[in-house]
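Text of the file query_32.csv, holding CSV, C-alpha atoms:
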chain,number,residue,atom,x,y,z
A,1,MET,CA,160.2,-52.8,81.7
A,2,ALA,CA,160.7,-56.6,81.2
A,3,TRP,CA,163.8,-55.9,79.1
A,4,LEU,CA,165.6,-54.8,82.3
A,5,SER,CA,165.8,-58.5,83.3
A,6,LEU,CA,167.5,-59.5,80.1
A,7,LEU,CA,169.9,-56.5,80.3
A,8,LEU,CA,170.9,-57.5,83.8
A,9,PHE,CA,171.6,-61.1,82.9
A,10,LEU,CA,173.1,-60.5,79.5
A,11,PRO,CA,176.7,-60.5,80.8
A,12,TRP,CA,176.1,-63.9,82.4
A,13,PHE,CA,174.5,-65.2,79.2
A,14,ALA,CA,177.6,-63.9,77.3
A,15,LEU,CA,180.0,-65.6,79.6
A,16,LEU,CA,178.1,-69.0,79.4
A,17,GLY,CA,177.8,-68.6,75.6
A,18,ALA,CA,181.5,-67.9,75.3
A,19,LEU,CA,182.4,-70.9,77.4
A,20,TYR,CA,180.1,-73.0,75.3
A,21,TRP,CA,181.6,-71.7,72.1
A,22,VAL,CA,185.3,-72.1,73.1
A,23,TYR,CA,185.3,-75.5,74.8
A,24,PRO,CA,186.3,-78.0,73.6
A,25,ARG,CA,188.8,-76.3,71.4
A,26,THR,CA,189.0,-79.0,68.7
A,27,PRO,CA,187.6,-80.1,66.3
A,28,ARG,CA,186.2,-76.8,64.9
A,29,PRO,CA,184.9,-77.5,61.4
A,30,LEU,CA,182.3,-75.3,59.7
A,31,ALA,CA,179.5,-77.7,60.7
A,32,ARG,CA,180.3,-77.2,64.4
A,33,ARG,CA,180.5,-73.4,64.1
A,34,ALA,CA,177.1,-73.4,62.4
A,35,PHE,CA,175.7,-75.7,65.0
A,36,ASP,CA,177.0,-73.6,67.9
A,37,THR,CA,175.8,-70.4,66.3
A,38,ALA,CA,172.3,-71.9,65.9
A,39,VAL,CA,172.3,-73.1,69.5
A,40,LEU,CA,173.3,-69.8,70.9
A,41,MET,CA,170.8,-67.9,68.8
A,42,LEU,CA,168.0,-70.4,69.8
A,43,ALA,CA,169.1,-69.9,73.5
A,44,LEU,CA,168.9,-66.2,73.2
A,45,VAL,CA,165.5,-66.2,71.4
A,46,LEU,CA,164.0,-68.7,73.9
A,47,SER,CA,165.4,-66.7,76.9
A,48,ILE,CA,163.7,-63.6,75.5
A,49,ALA,CA,160.4,-65.5,75.1
A,50,GLY,CA,160.8,-66.9,78.6
A,51,MET,CA,161.5,-63.4,80.0
A,52,LEU,CA,158.4,-62.0,78.4
A,53,TRP,CA,156.3,-65.0,79.5
A,54,GLY,CA,157.6,-64.7,83.1
A,55,TYR,CA,156.9,-61.0,83.2
A,56,SER,CA,153.4,-61.5,82.0
A,57,GLU,CA,152.9,-64.2,84.6
A,58,GLY,CA,154.0,-61.8,87.3
A,59,VAL,CA,151.7,-59.1,85.9
A,60,ALA,CA,148.8,-61.5,85.9
A,61,ASP,CA,149.0,-62.1,89.6
A,62,ALA,CA,147.6,-58.9,91.2
A,63,ARG,CA,148.9,-59.8,94.6
A,64,SER,CA,152.5,-59.8,93.5
A,65,GLY,CA,154.7,-56.7,93.9
A,66,PRO,CA,156.5,-55.0,91.0
A,67,ILE,CA,159.8,-56.6,91.9
A,68,TRP,CA,158.3,-60.1,91.6
A,69,ARG,CA,157.7,-59.5,87.9
A,70,GLN,CA,161.3,-58.9,87.3
A,71,VAL,CA,162.4,-61.9,89.4
A,72,LEU,CA,160.0,-64.2,87.6
A,73,ALA,CA,161.2,-62.8,84.2
A,74,VAL,CA,164.8,-63.5,85.1
A,75,LEU,CA,164.1,-67.0,86.3
A,76,TYR,CA,162.2,-67.9,83.1
A,77,ALA,CA,164.9,-66.4,80.9
A,78,TYR,CA,167.7,-68.1,82.7
A,79,GLY,CA,165.9,-71.4,82.7
A,80,ALA,CA,165.2,-71.3,79.0
A,81,PHE,CA,168.9,-70.4,78.3
A,82,LEU,CA,170.2,-73.2,80.4
A,83,ALA,CA,167.7,-75.7,79.1
A,84,VAL,CA,168.9,-75.1,75.5
A,85,LEU,CA,172.5,-75.4,76.5
A,86,ALA,CA,171.8,-78.5,78.6
A,87,LEU,CA,170.2,-80.2,75.6
A,88,ALA,CA,172.8,-79.0,73.1
A,89,ILE,CA,175.9,-80.1,74.9
A,90,PRO,CA,175.2,-83.9,74.8
A,91,LEU,CA,174.0,-83.6,71.2
A,92,ARG,CA,177.2,-81.7,70.3
A,93,MET,CA,179.3,-84.4,72.0
A,94,ARG,CA,177.6,-87.1,69.8
A,95,LEU,CA,178.2,-85.0,66.7
A,96,MET,CA,181.8,-84.4,67.5
A,97,ALA,CA,182.7,-88.0,66.7
A,98,ALA,CA,181.5,-87.4,63.2
A,99,TRP,CA,183.3,-84.1,63.0
A,100,ARG,CA,186.6,-85.7,64.1
A,101,GLN,CA,186.4,-88.2,61.3
A,102,GLY,CA,186.1,-85.5,58.7
A,103,PRO,CA,184.1,-85.5,55.5
A,104,LEU,CA,183.0,-88.9,54.3

Kindly present the structure from the file in structure tokens form.
Amino acid sequence: MAWLSLLLFLPWFALLGALYWVYPRTPRPLARRAFDTAVLMLALVLSIAGMLWGYSEGVADARSGPIWRQVLAVLYAYGAFLAVLALAIPLRMRLMAAWRQGPL
């Protein structure tokens, strides 16, 4: 049942991931594509882990209703996805200087 949370947020994750992938347009060497792919895969994996953790936290609280489990799962998944992107963007900006210079 926790997978419903990811399914509902998957279009938003796809949009954020596409924007992360596309901008800035240059430079786009193989190292950047590999870095971006790794970041997006990590973001997806950690958002799934966050979703499962949030759902289990909601299940553990007997006073919470069934909808709270889904809400908590979405919040954890979204937080994990954004945290990975928030850390990756400044790192990618620092790496872009090296990518602009080309191979040494």

Arg69 in chain A environment, 8 Å, only C-alpha atoms, sequence neighbours closer than 2 positions dropped, as JSON, numbers by chain: {"A": [2, 54, 55, 56, 57, 58, 59, 64, 65, 66, 67, 71, 72, 73]}

Keeping C-alpha atoms, export the residues of the selection given above as a CSV table (one decimal), in the frame of the given file.
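That gives us result_32.csv:
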chain,number,residue,atom,x,y,z
A,2,ALA,CA,160.7,-56.6,81.2
A,54,GLY,CA,157.6,-64.7,83.1
A,55,TYR,CA,156.9,-61.0,83.2
A,56,SER,CA,153.4,-61.5,82.0
A,57,GLU,CA,152.9,-64.2,84.6
A,58,GLY,CA,154.0,-61.8,87.3
A,59,VAL,CA,151.7,-59.1,85.9
A,64,SER,CA,152.5,-59.8,93.5
A,65,GLY,CA,154.7,-56.7,93.9
A,66,PRO,CA,156.5,-55.0,91.0
A,67,ILE,CA,159.8,-56.6,91.9
A,71,VAL,CA,162.4,-61.9,89.4
A,72,LEU,CA,160.0,-64.2,87.6
A,73,ALA,CA,161.2,-62.8,84.2

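The coordinates place CA of Leu91 in chain A at 28.9 Å from CA of Leu7 in chain A.
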
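The coordinates place CA of Thr26 in chain A at 22.4 Å from CA of Ala43 in chain A.
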
In Å, with one decimal, what is the gap from CA of Ala80 in chain A to CA of Gly50 in chain A?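 These two atoms are separated by 6.2 Å.
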
Using all atoms listed in the file, pick whichever of A:Ala86, A:Arg92, A:Ala97, A:Trp68 has the shortest atom-to-atom distance to Arg32 in chain A.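 Among the listed residues, A:Arg92 lies closest to Arg32 in chain A.
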
Write out as a PyMOL selection string which residues come within 12 Å of range 19-21 of chain A when counting only C-alpha atoms, dropping same-chain ones fewer than 4 positions away. chain A and resi 12-15+25-28+32-41+43+81-82+84-86+88-90+92-93

Out of A:Ala62, A:Leu4, A:Ala31, A:Leu95, which residue has the shortest atom-to-atom distance to Ala77 in chain A when counting only C-alpha atoms?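 Counting only C-alpha atoms, the residue closest to Ala77 in chain A is A:Leu4.
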
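Closest approach to Met51 in chain A among A:Arg63, A:Trp99, A:Pro29, A:Leu10: A:Leu10, based on all atoms listed in the file.
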
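Using only C-alpha atoms, the nearest neighbour of Leu75 in chain A within the list A:Asp61, A:Leu87, A:Leu52, A:Arg100 is A:Leu52.
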